[in-house]
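Here is query28.json, consisting of JSON, C-alpha atoms:
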```json
[["chain", "number", "residue", "atom", "x", "y", "z"],
["A", 107, "GLN", "CA", -17.70, -5.58, 8.69],
["A", 108, "VAL", "CA", -13.94, -5.08, 8.73],
["A", 109, "GLN", "CA", -12.70, -1.97, 6.98],
["A", 110, "LEU", "CA", -9.19, -0.92, 5.94],
["A", 111, "VAL", "CA", -8.12, 2.65, 6.63],
["A", 112, "GLU", "CA", -5.09, 4.22, 4.96],
["A", 113, "SER", "CA", -3.26, 7.27, 6.23],
["A", 114, "GLY", "CA", -0.02, 9.13, 5.63],
["A", 115, "GLY", "CA", -0.57, 10.54, 2.16],
["A", 116, "GLY", "CA", 0.08, 14.14, 1.24],
["A", 117, "LEU", "CA", 2.11, 16.56, -0.83],
["A", 118, "VAL", "CA", 5.86, 16.08, -0.95],
["A", 119, "GLN", "CA", 8.67, 17.50, -3.07],
["A", 120, "PRO", "CA", 10.63, 15.27, -5.47],
["A", 121, "GLY", "CA", 13.28, 13.37, -3.55],
["A", 122, "GLY", "CA", 11.24, 13.42, -0.36],
["A", 123, "SER", "CA", 9.75, 10.62, 1.71],
["A", 124, "LEU", "CA", 6.37, 9.54, 3.02],
["A", 125, "ARG", "CA", 5.17, 6.58, 5.05],
["A", 126, "LEU", "CA", 1.72, 5.19, 4.40],
["A", 127, "SER", "CA", -0.14, 3.12, 6.99],
["A", 128, "CYS", "CA", -3.01, 0.67, 6.56],
["A", 129, "ALA", "CA", -4.96, -0.47, 9.60],
["A", 130, "ALA", "CA", -7.89, -2.87, 9.82],
["A", 131, "SER", "CA", -10.90, -1.99, 11.96],
["A", 132, "GLY", "CA", -11.16, -5.60, 13.16],
["A", 133, "PRO", "CA", -9.47, -8.98, 12.92],
["A", 134, "ILE", "CA", -8.92, -10.63, 9.55],
["A", 135, "PHE", "CA", -8.17, -14.33, 9.75],
["A", 136, "ARG", "CA", -5.94, -16.38, 7.48],
["A", 137, "ILE", "CA", -4.37, -13.58, 5.49],
["A", 138, "ASN", "CA", -2.82, -14.77, 2.24],
["A", 139, "SER", "CA", -1.15, -11.48, 1.43],
["A", 140, "MET", "CA", -1.27, -7.75, 1.97],
["A", 141, "ALA", "CA", -0.43, -5.25, -0.71],
["A", 142, "TRP", "CA", -0.30, -1.64, -1.84],
["A", 143, "TYR", "CA", -1.73, -0.60, -5.19],
["A", 144, "ARG", "CA", -1.85, 2.81, -6.81],
["A", 145, "GLN", "CA", -3.86, 4.48, -9.51],
["A", 146, "ALA", "CA", -2.76, 7.61, -11.31],
["A", 147, "PRO", "CA", -5.21, 9.78, -13.28],
["A", 148, "GLY", "CA", -6.09, 8.16, -16.58],
["A", 149, "LYS", "CA", -4.22, 4.97, -15.75],
["A", 150, "GLU", "CA", -5.19, 1.53, -14.51],
["A", 151, "ARG", "CA", -4.63, 0.49, -10.92],
["A", 152, "GLU", "CA", -1.24, -1.17, -10.56],
["A", 153, "LEU", "CA", 0.43, -3.31, -7.93],
["A", 154, "VAL", "CA", 3.18, -1.46, -6.07],
["A", 155, "ALA", "CA", 4.28, -3.91, -3.39],
["A", 156, "VAL", "CA", 3.06, -7.11, -1.76],
["A", 157, "ILE", "CA", 3.94, -9.00, 1.42],
["A", 158, "THR", "CA", 2.79, -12.58, 1.94],
["A", 159, "GLY", "CA", 1.66, -14.12, 5.21],
["A", 160, "GLY", "CA", 5.11, -15.65, 5.45],
["A", 161, "GLY", "CA", 6.82, -12.29, 5.04],
["A", 162, "THR", "CA", 8.01, -12.58, 1.45],
["A", 163, "THR", "CA", 7.97, -9.25, -0.36],
["A", 164, "ASN", "CA", 7.81, -8.25, -4.01],
["A", 165, "TYR", "CA", 7.87, -4.87, -5.67],
["A", 166, "ALA", "CA", 7.03, -3.27, -8.98],
["A", 167, "ASP", "CA", 10.20, -2.56, -10.94],
["A", 168, "SER", "CA", 9.44, 1.16, -10.84],
["A", 169, "VAL", "CA", 9.71, 1.30, -7.03],
["A", 170, "LYS", "CA", 12.41, -1.29, -6.26],
["A", 171, "GLY", "CA", 15.10, 0.14, -4.04],
["A", 172, "ARG", "CA", 12.94, 3.13, -3.08],
["A", 173, "PHE", "CA", 9.84, 1.66, -1.41],
["A", 174, "THR", "CA", 9.63, -0.81, 1.47],
["A", 175, "ILE", "CA", 6.51, -2.72, 2.52],
["A", 176, "SER", "CA", 6.42, -4.01, 6.08],
["A", 177, "ARG", "CA", 4.26, -5.40, 8.82],
["A", 178, "ASN", "CA", 5.51, -6.28, 12.29],
["A", 179, "ASN", "CA", 2.96, -8.92, 13.25],
["A", 180, "ALA", "CA", -0.54, -10.18, 12.52],
["A", 181, "LYS", "CA", -2.15, -7.46, 14.62],
["A", 182, "SER", "CA", -0.09, -4.48, 13.50],
["A", 183, "PRO", "CA", -0.77, -2.09, 10.63],
["A", 184, "MET", "CA", 0.89, -2.50, 7.28],
["A", 185, "TYR", "CA", 3.28, 0.22, 6.13],
["A", 186, "LEU", "CA", 4.73, 1.48, 2.89],
["A", 187, "GLN", "CA", 7.89, 3.53, 3.35],
["A", 188, "MET", "CA", 8.42, 5.59, 0.22],
["A", 189, "ASN", "CA", 11.79, 7.27, -0.31],
["A", 190, "THR", "CA", 13.27, 9.28, -3.17],
["A", 191, "LEU", "CA", 9.81, 10.07, -4.44],
["A", 192, "LYS", "CA", 9.33, 11.10, -8.05],
["A", 193, "PRO", "CA", 6.51, 12.99, -9.78],
["A", 194, "ASP", "CA", 5.58, 9.69, -11.49],
["A", 195, "ASP", "CA", 4.72, 8.31, -8.04],
["A", 196, "THR", "CA", 1.77, 10.69, -7.84],
["A", 197, "ALA", "CA", -1.38, 8.59, -7.45],
["A", 198, "VAL", "CA", -4.07, 7.44, -5.07],
["A", 199, "TYR", "CA", -2.60, 4.59, -3.02],
["A", 200, "TYR", "CA", -4.82, 1.74, -1.87],
["A", 201, "CYS", "CA", -4.11, -1.02, 0.61],
["A", 202, "ASN", "CA", -5.41, -4.51, -0.02],
["A", 203, "VAL", "CA", -5.76, -7.60, 2.14],
["A", 204, "ASN", "CA", -6.38, -10.94, 0.49],
["A", 205, "SER", "CA", -7.94, -13.74, 2.55],
["A", 206, "PRO", "CA", -9.45, -17.05, 1.40],
["A", 207, "ASN", "CA", -13.00, -15.71, 1.63],
["A", 208, "ARG", "CA", -12.66, -12.09, 0.69],
["A", 209, "ASN", "CA", -10.55, -9.33, -0.84],
["A", 210, "TYR", "CA", -10.49, -6.17, 1.30],
["A", 211, "TRP", "CA", -9.75, -2.67, -0.01],
["A", 212, "GLY", "CA", -9.16, 0.65, 1.68],
["A", 213, "GLN", "CA", -10.62, 3.94, 0.50],
["A", 214, "GLY", "CA", -7.31, 5.25, -0.78],
["A", 215, "THR", "CA", -4.95, 8.04, 0.19],
["A", 216, "GLN", "CA", -3.61, 10.68, -2.21],
["A", 217, "VAL", "CA", 0.13, 11.03, -2.71],
["A", 218, "THR", "CA", 1.27, 14.02, -4.73],
["A", 219, "VAL", "CA", 4.93, 14.54, -5.62],
["A", 220, "SER", "CA", 5.51, 18.03, -6.93],
["A", 221, "SER", "CA", 7.78, 21.01, -6.50]]
```

Could you render the structure as structure tokens?
Amino acid sequence: QVQLVESGGGLVQPGGSLRLSCAASGPIFRINSMAWYRQAPGKERELVAVITGGGTTNYADSVKGRFTISRNNAKSPMYLQMNTLKPDDTAVYYCNVNSPNRNYWGQGTQVTVSS
């Protein structure tokens, strides 16, 4: 069974940067989209950024201009480059892969922005 594994989270000061990675343990065929979500304590999980199979990207208004989602090819990991981080970005970040038959989720990686 294919699993998604996130990495790259940690503690960073406001204004700093982090890059999250999401790798699949095996092949996933016919990917509709890949995305990053986040969930802060006491809040619902929210969509941060999404990239379609064709490469189109969309971002939550709160991260536009600061975060970049990317993926080089069908076999490479997905990344989320996060710049100019703010305390409000503190959350557990989850990667998601949507295919016609299944929705895959990673286990999450903690991002904490604090001085």

Quiz item: atom CA of Cys201 of chain A to atom CA of Ile157 of chain A: how many Å, to one decimal?
Solution: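 Taking atom CA of Cys201 of chain A as the start and atom CA of Ile157 of chain A as the end point, the length is 11.4 Å.
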
Quiz item: Which one is closest to Asn138 of chain A: A:Leu191, A:Ser168, A:Thr162, A:Phe173? Count all atoms listed in the file.
Solution: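 Closest candidate: A:Thr162.
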
Quiz item: Pick the closest to Gly159 of chain A from A:Gln145, A:Asn202, A:Ser139, A:Thr174: which is it, counting all atoms listed in the file?
Solution: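 Comparing A:Gln145, A:Asn202, A:Ser139, A:Thr174 against Gly159 of chain A, the winner is A:Ser139.
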
Within 8 Å of Arg144 of chain A, counting only C-alpha atoms, which residues show up once you throw out same-chain ones fewer than 4 positions away? Write them as an mmCIF file with C-alpha atoms, in the coordinates of the input, please.
```cif
data_model
loop_
_atom_site.group_PDB
_atom_site.id
_atom_site.type_symbol
_atom_site.label_atom_id
_atom_site.label_comp_id
_atom_site.auth_asym_id
_atom_site.auth_seq_id
_atom_site.Cartn_x
_atom_site.Cartn_y
_atom_site.Cartn_z
ATOM 1 C CA ARG A 151 -4.630 0.490 -10.920
ATOM 2 C CA GLU A 152 -1.240 -1.170 -10.560
ATOM 3 C CA LEU A 153 0.430 -3.310 -7.930
ATOM 4 C CA VAL A 154 3.180 -1.460 -6.070
ATOM 5 C CA ALA A 197 -1.380 8.590 -7.450
ATOM 6 C CA VAL A 198 -4.070 7.440 -5.070
ATOM 7 C CA TYR A 199 -2.600 4.590 -3.020
ATOM 8 C CA TYR A 200 -4.820 1.740 -1.870
#
```

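Our summary of the geometry notes that atom CA of Asn204 of chain A is positioned 9.4 Å from atom CA of Ile134 of chain A.
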
Self-check item: Selection: 8 Å around Arg125 of chain A, only C-alpha atoms, excl. self and same-chain fewer than 6 positions, as a PyMOL selection string
Solution: chain A and resi 114-115+185-188

Quiz item: Which residue gives the smallest distance to Thr215 of chain A among A:Val108, A:Phe135, A:Trp142, A:Gly171, with all atoms listed in the file counted?
Solution: A:Trp142

Quiz prompt | Option closest in space to Ile175 of chain A, from A:Gln107, A:Val203, A:Ser127, A:Thr218 [counting all atoms listed in the file] | solution = A:Ser127
